[in-house]
$ cat start_25.cif   # mmCIF, C-alpha atoms
data_upload
loop_
_atom_site.label_atom_id
_atom_site.label_comp_id
_atom_site.auth_asym_id
_atom_site.auth_seq_id
_atom_site.Cartn_x
_atom_site.Cartn_y
_atom_site.Cartn_z
CA MET M 1 15.88 27.93 -22.99
CA SER M 2 13.89 24.75 -23.59
CA ASN M 3 10.15 24.53 -22.94
CA GLU M 4 10.90 21.75 -20.43
CA ASN M 5 13.16 24.02 -18.36
CA LEU M 6 10.72 26.96 -18.70
CA ASN M 7 7.81 24.80 -17.53
CA ARG M 8 9.90 23.60 -14.60
CA ARG M 9 10.70 27.15 -13.50
CA ASN M 10 7.07 28.24 -13.88
CA PHE M 11 6.00 25.27 -11.76
CA MET M 12 8.54 26.11 -9.07
CA GLY M 13 7.37 29.69 -8.93
CA MET M 14 3.75 28.58 -8.70
CA VAL M 15 4.18 26.19 -5.79
CA GLY M 16 6.73 28.36 -3.95
CA LEU M 17 8.85 25.49 -2.68
CA SER M 18 11.67 26.41 -0.29
CA ALA M 19 13.56 23.12 -0.81
CA PHE M 20 14.40 23.04 2.89
CA ALA M 21 16.65 26.07 2.35
CA GLY M 22 19.45 26.33 4.89
CA SER M 23 17.92 23.96 7.42
CA LEU M 24 19.55 20.68 6.38
CA PHE M 25 22.81 19.27 5.03
CA LEU M 26 23.33 20.37 1.43
CA PRO M 27 24.98 17.57 -0.59
CA GLY M 28 27.22 18.08 -3.56
CA GLN M 29 27.43 14.97 -5.68
CA SER M 30 25.27 12.13 -4.50
CA ILE M 31 26.10 8.47 -4.07
CA PRO M 32 24.96 6.79 -7.32
CA SER M 33 21.26 5.95 -7.21
CA PRO M 34 18.19 6.14 -9.45
CA ALA M 35 17.63 9.69 -8.11
CA GLN M 36 17.69 12.30 -10.91
CA THR M 37 15.65 15.47 -11.36
CA VAL M 38 14.74 16.74 -14.81
CA ASP M 39 18.19 18.31 -15.33
CA GLY M 40 20.14 15.65 -13.39
CA ASN M 41 20.91 17.89 -10.38
CA ILE M 42 19.75 16.45 -7.06
CA ASN M 43 19.75 19.96 -5.54
CA HIS M 44 17.01 21.05 -7.95
CA ILE M 45 13.63 20.23 -6.42
CA GLY M 46 10.85 19.92 -8.94
CA PRO M 47 9.10 17.78 -11.56
CA MET M 48 10.87 14.69 -12.82
CA PRO M 49 10.50 12.65 -16.03
CA GLY M 50 8.06 9.78 -15.77
CA TYR M 51 5.86 11.35 -13.09
CA THR M 52 3.07 13.91 -12.99
CA PRO M 53 4.40 17.32 -11.81
CA GLN M 54 3.58 17.21 -8.11
CA ILE M 55 4.47 13.54 -7.71
CA GLY M 56 7.80 14.22 -9.44
CA THR M 57 8.44 17.10 -7.05
CA LEU M 58 7.68 14.84 -4.08
CA ILE M 59 10.08 12.20 -5.44
CA SER M 60 12.82 14.82 -5.82
CA MET M 61 12.32 15.80 -2.16
CA LEU M 62 12.48 12.16 -1.05
CA ASP M 63 15.65 11.61 -3.06
CA TRP M 64 17.28 14.77 -1.69
CA ILE M 65 16.69 13.90 1.95
CA SER M 66 17.61 10.22 1.68
CA ASP M 67 20.80 11.22 -0.14
CA SER M 68 21.56 13.50 2.82
CA VAL M 69 21.21 10.59 5.27
CA ILE M 70 23.40 8.34 3.13
CA ARG M 71 26.14 10.94 2.68
CA ALA M 72 26.16 11.87 6.37
CA THR M 73 26.88 8.26 7.32
CA LYS M 74 29.06 7.04 4.44
CA ASN M 75 32.37 7.01 6.34
CA LEU M 76 31.11 5.27 9.48
CA THR M 77 32.50 1.90 10.49
CA VAL M 78 30.34 -1.02 11.62
CA ALA M 79 31.25 -0.22 15.23
CA GLN M 80 30.18 3.39 14.77
CA LEU M 81 26.93 2.39 13.07
CA ASP M 82 26.23 0.06 16.01
CA HIS M 83 27.25 2.47 18.79
CA LEU M 84 24.64 3.29 21.45
CA HIS M 85 25.10 6.70 23.05
CA ASP M 86 23.28 5.55 26.21
CA LYS M 87 20.80 2.88 27.29
CA ASP M 88 17.85 4.79 25.80
CA SER M 89 19.47 5.54 22.44
CA ASN M 90 19.10 3.96 19.04
CA SER M 91 22.13 3.25 16.89
CA ILE M 92 22.76 5.18 13.69
CA GLY M 93 22.35 1.94 11.74
CA ALA M 94 18.97 1.30 13.35
CA LEU M 95 17.84 4.85 12.50
CA MET M 96 18.81 4.29 8.86
CA LEU M 97 16.73 1.12 8.76
CA HIS M 98 13.94 2.92 10.61
CA VAL M 99 13.51 5.58 7.91
CA ALA M 100 13.34 2.81 5.31
CA ALA M 101 10.69 1.06 7.42
CA THR M 102 8.71 4.29 7.64
CA GLU M 103 8.65 4.52 3.86
CA VAL M 104 7.46 0.90 3.66
CA ILE M 105 4.56 1.48 6.04
CA TYR M 106 3.40 4.47 3.99
CA GLN M 107 3.62 2.34 0.86
CA ASP M 108 1.20 -0.08 2.50
CA ILE M 109 -1.05 2.73 3.72
CA THR M 110 -1.28 4.63 0.43
CA PHE M 111 -0.73 2.00 -2.27
CA ASN M 112 -2.55 -0.88 -0.56
CA SER M 113 -5.20 1.09 1.40
CA LEU M 114 -4.11 -0.43 4.71
CA ASN M 115 -3.89 1.22 8.10
CA ASN M 116 -0.57 -0.41 9.02
CA PHE M 117 2.02 -2.78 7.61
CA SER M 118 0.90 -5.77 5.61
CA LYS M 119 1.62 -8.99 7.52
CA GLU M 120 4.65 -9.72 5.36
CA ASN M 121 6.10 -6.25 5.88
CA LYS M 122 5.32 -6.26 9.59
CA ASP M 123 7.36 -9.45 10.02
CA LYS M 124 10.25 -7.92 8.09
CA TRP M 125 10.20 -4.30 9.24
CA ASN M 126 8.50 -4.00 12.63
CA VAL M 127 11.69 -4.14 14.72
CA ALA M 128 13.16 -1.26 12.71
CA MET M 129 9.85 0.61 12.88
CA GLU M 130 9.50 0.33 16.65
CA LEU M 131 13.20 0.84 17.52
CA GLY M 132 13.99 0.52 21.26
CA PRO M 133 15.39 -2.59 23.00
CA ASP M 134 14.69 -5.05 20.17
CA ALA M 135 16.43 -2.85 17.64
CA GLN M 136 19.37 -2.34 20.00
CA THR M 137 20.05 -6.07 20.03
CA LYS M 138 18.89 -7.16 16.57
CA ILE M 139 20.05 -4.37 14.25
CA LYS M 140 23.82 -4.55 14.39
CA GLY M 141 26.88 -5.91 12.68
CA ASN M 142 26.02 -4.46 9.27
CA LYS M 143 28.21 -2.38 6.98
CA HIS M 144 27.02 0.98 5.66
CA GLU M 145 26.20 -0.62 2.31
CA TYR M 146 23.58 -2.84 3.96
CA TYR M 147 21.56 0.19 5.08
CA VAL M 148 22.06 2.04 1.78
CA GLU M 149 20.79 -0.98 -0.15
CA ALA M 150 17.72 -1.16 2.10
CA ILE M 151 16.91 2.54 1.59
CA ASN M 152 17.45 2.32 -2.17
CA ALA M 153 15.41 -0.88 -2.58
CA VAL M 154 12.46 0.63 -0.73
CA ARG M 155 12.73 3.83 -2.78
CA ALA M 156 12.76 1.85 -6.02
CA LYS M 157 9.37 0.37 -5.09
CA THR M 158 8.02 3.80 -4.16
CA LYS M 159 9.06 5.13 -7.57
CA MET M 160 7.58 2.17 -9.43
CA GLU M 161 4.22 2.64 -7.71
CA MET M 162 4.24 6.45 -7.99
CA LYS M 163 4.62 6.17 -11.77
CA LYS M 164 1.19 4.53 -11.78
CA LYS M 165 -0.37 7.48 -9.92
CA ASP M 166 -1.22 11.07 -10.82
CA ASP M 167 -1.56 14.41 -9.05
CA ASN M 168 -5.28 13.90 -8.44
CA TRP M 169 -4.42 10.75 -6.47
CA LEU M 170 -1.69 12.60 -4.55
CA LEU M 171 -4.04 15.40 -3.51
CA SER M 172 -6.79 13.00 -2.42
CA GLY M 173 -6.84 9.76 -0.51
CA GLU M 174 -7.98 9.80 3.09
CA THR M 175 -7.19 6.41 4.59
CA LYS M 176 -9.76 5.00 6.98
CA ASP M 177 -9.98 7.43 9.92
CA TRP M 178 -6.99 9.54 8.83
CA ASP M 179 -7.92 13.02 7.63
CA TRP M 180 -4.69 13.29 5.60
CA ASN M 181 -4.41 13.35 1.85
CA ASN M 182 -1.73 11.25 0.19
CA TYR M 183 0.56 14.24 -0.26
CA CYS M 184 0.51 14.89 3.49
CA LYS M 185 1.26 11.24 4.22
CA TRP M 186 4.22 11.21 1.85
CA PHE M 187 5.49 14.58 3.02
CA HIS M 188 5.54 12.99 6.48
CA VAL M 189 7.99 10.43 5.08
CA VAL M 190 10.22 13.32 3.94
CA GLU M 191 9.89 14.93 7.37
CA HIS M 192 10.71 11.63 9.06
CA PHE M 193 13.97 11.34 7.15
CA ALA M 194 14.80 14.95 8.11
CA ASN M 195 13.97 14.37 11.76
CA HIS M 196 16.19 11.31 12.06
CA ARG M 197 18.89 12.95 9.93
CA GLY M 198 19.14 15.42 12.83
CA GLN M 199 19.44 12.59 15.34
CA ILE M 200 22.11 10.92 13.23
CA THR M 201 24.12 14.16 13.12
CA TRP M 202 23.84 14.54 16.90
CA TYR M 203 24.96 10.97 17.55
CA GLY M 204 27.69 11.22 14.95
CA LYS M 205 29.29 14.18 16.70
CA ARG M 206 29.37 12.21 19.95
CA LEU M 207 30.86 8.95 18.68
CA PRO M 208 33.85 7.75 20.69
CA LYS M 209 37.14 8.88 19.19
#
$ encode --input "start_25.cif" --output "structure tokens"
Amino acid sequence: MSNENLNRRNFMGMVGLSAFAGSLFLPGQSIPSPAQTVDGNINHIGPMPGYTPQIGTLISMLDWISDSVIRATKNLTVAQLDHLHDKDSNSIGALMLHVAATEVIYQDITFNSLNNFSKENKDKWNVAMELGPDAQTKIKGNKHEYYVEAINAVRAKTKMEMKKKDDNWLLSGETKDWDWNNYCKWFHVVEHFANHRGQITWYGKRLPK
């Protein structure tokens, strides 16, 4: 057994990660993306090459849950991605763009020390962030690939910036009046994907035949 694999297993035992066991969709092979853990298996949560150990583990969690959202929606048509279950619902497509927007706002909060979107990102992402009536009318008519490309482009920036950081940064970093460290903020992004993955599943089971 290589030292790299041994160190990975020791790390996993130390932090006691559950890897969301049993609570979410478990993918097999992922849609091609930059997402790879140290041994190339997306179902192995843990350190990744190019990152400090805890940041790599966080990236593997982000990649796992975004892959779950992408796979759960990959066979949907434009009409299904646009479908509104009722007047108060958001479309599946809008929810996919919303999780990307959530990742963008936490990029601005943690990488740029802001308390919200930058002006440029607010102009681009606020409709998807807020959802509701504006999103119902403005986020529509897009193929699945449009949403996948948005998620993957945002993730590529997250990875680029995370490679500049270390575990000390991840475990620190209160932002203005927020009493959250950077790890908590980024785990919230993981949780946000998981939360809306549940909504997407619920809506998907109720799409018109």
$ atom_distance --input "start_25.cif" --atom1 "CA of Thr158 in chain M" --atom2 "CA of Ile70 in chain M"
17.6 Å
$ resolve_selection --input "start_25.cif" --expression "the PyMOL selection byres ((chain M and resi 96-113) around 6)" --output "MDAnalysis selection string"
chainID M and resid 93:95 114:115 117 125 128:129 151 193
$ resolve_selection --input "start_25.cif" --expression "the PyMOL selection byres ((chain M and resi 136) around 10)" --output "tab-separated table (two decimals) with C-alpha atoms, in the frame of the given file"
chain	number	residue	atom	x	y	z
M	82	ASP	CA	26.23	0.06	16.01
M	83	HIS	CA	27.25	2.47	18.79
M	84	LEU	CA	24.64	3.29	21.45
M	87	LYS	CA	20.80	2.88	27.29
M	88	ASP	CA	17.85	4.79	25.80
M	89	SER	CA	19.47	5.54	22.44
M	90	ASN	CA	19.10	3.96	19.04
M	91	SER	CA	22.13	3.25	16.89
M	93	GLY	CA	22.35	1.94	11.74
M	94	ALA	CA	18.97	1.30	13.35
M	127	VAL	CA	11.69	-4.14	14.72
M	128	ALA	CA	13.16	-1.26	12.71
M	131	LEU	CA	13.20	0.84	17.52
M	132	GLY	CA	13.99	0.52	21.26
M	133	PRO	CA	15.39	-2.59	23.00
M	134	ASP	CA	14.69	-5.05	20.17
M	135	ALA	CA	16.43	-2.85	17.64
M	137	THR	CA	20.05	-6.07	20.03
M	138	LYS	CA	18.89	-7.16	16.57
M	139	ILE	CA	20.05	-4.37	14.25
M	140	LYS	CA	23.82	-4.55	14.39
$ resolve_selection --input "start_25.cif" --expression "the PyMOL selection byres ((chain M and resi 59) around 10)" --output "short mmCIF file (atom, residue, chain, number, x, y, z; two decimals) with C-alpha atoms, in the frame of the given file"
data_model
loop_
_atom_site.label_atom_id
_atom_site.label_comp_id
_atom_site.auth_asym_id
_atom_site.auth_seq_id
_atom_site.Cartn_x
_atom_site.Cartn_y
_atom_site.Cartn_z
CA ALA M 35 17.63 9.69 -8.11
CA GLN M 36 17.69 12.30 -10.91
CA THR M 37 15.65 15.47 -11.36
CA ILE M 45 13.63 20.23 -6.42
CA GLY M 46 10.85 19.92 -8.94
CA PRO M 47 9.10 17.78 -11.56
CA MET M 48 10.87 14.69 -12.82
CA TYR M 51 5.86 11.35 -13.09
CA PRO M 53 4.40 17.32 -11.81
CA GLN M 54 3.58 17.21 -8.11
CA ILE M 55 4.47 13.54 -7.71
CA GLY M 56 7.80 14.22 -9.44
CA THR M 57 8.44 17.10 -7.05
CA LEU M 58 7.68 14.84 -4.08
CA SER M 60 12.82 14.82 -5.82
CA MET M 61 12.32 15.80 -2.16
CA LEU M 62 12.48 12.16 -1.05
CA ASP M 63 15.65 11.61 -3.06
CA TRP M 64 17.28 14.77 -1.69
CA ARG M 155 12.73 3.83 -2.78
CA THR M 158 8.02 3.80 -4.16
CA LYS M 159 9.06 5.13 -7.57
CA MET M 162 4.24 6.45 -7.99
CA TRP M 186 4.22 11.21 1.85
CA PHE M 187 5.49 14.58 3.02
CA VAL M 190 10.22 13.32 3.94
#
$ closest_residue --input "start_25.cif" --among "M:Asn116, M:Val69, M:Ala150, M:Ala156" --to "Gly198 in chain M" --atoms "all atoms listed in the file"
M:Val69
$ atom_distance --input "start_25.cif" --atom1 "CA of Asn168 in chain M" --atom2 "CA of Lys185 in chain M"
14.5 Å
$ atom_distance --input "start_25.cif" --atom1 "CA of Tyr146 in chain M" --atom2 "CA of Lys74 in chain M"
11.3 Å
$ closest_residue --input "start_25.cif" --among "M:Ala72, M:Ile65, M:Cys184, M:Ile42" --to "Trp169 in chain M" --atoms "only C-alpha atoms"
M:Cys184
$ axis_aligned_box --input "start_25.cif" --around "range 71-86 of chain M" --padding-each-side "3 Å" --output "JSON"
{"center_x": 27.9, "center_y": 5.4, "center_z": 14.4, "size_x": 15.2, "size_y": 18.9, "size_z": 29.5}
$ closest_residue --input "start_25.cif" --among "M:Lys122, M:Lys164, M:His85, M:Lys143" --to "Ile200 in chain M" --atoms "all atoms listed in the file"
M:His85
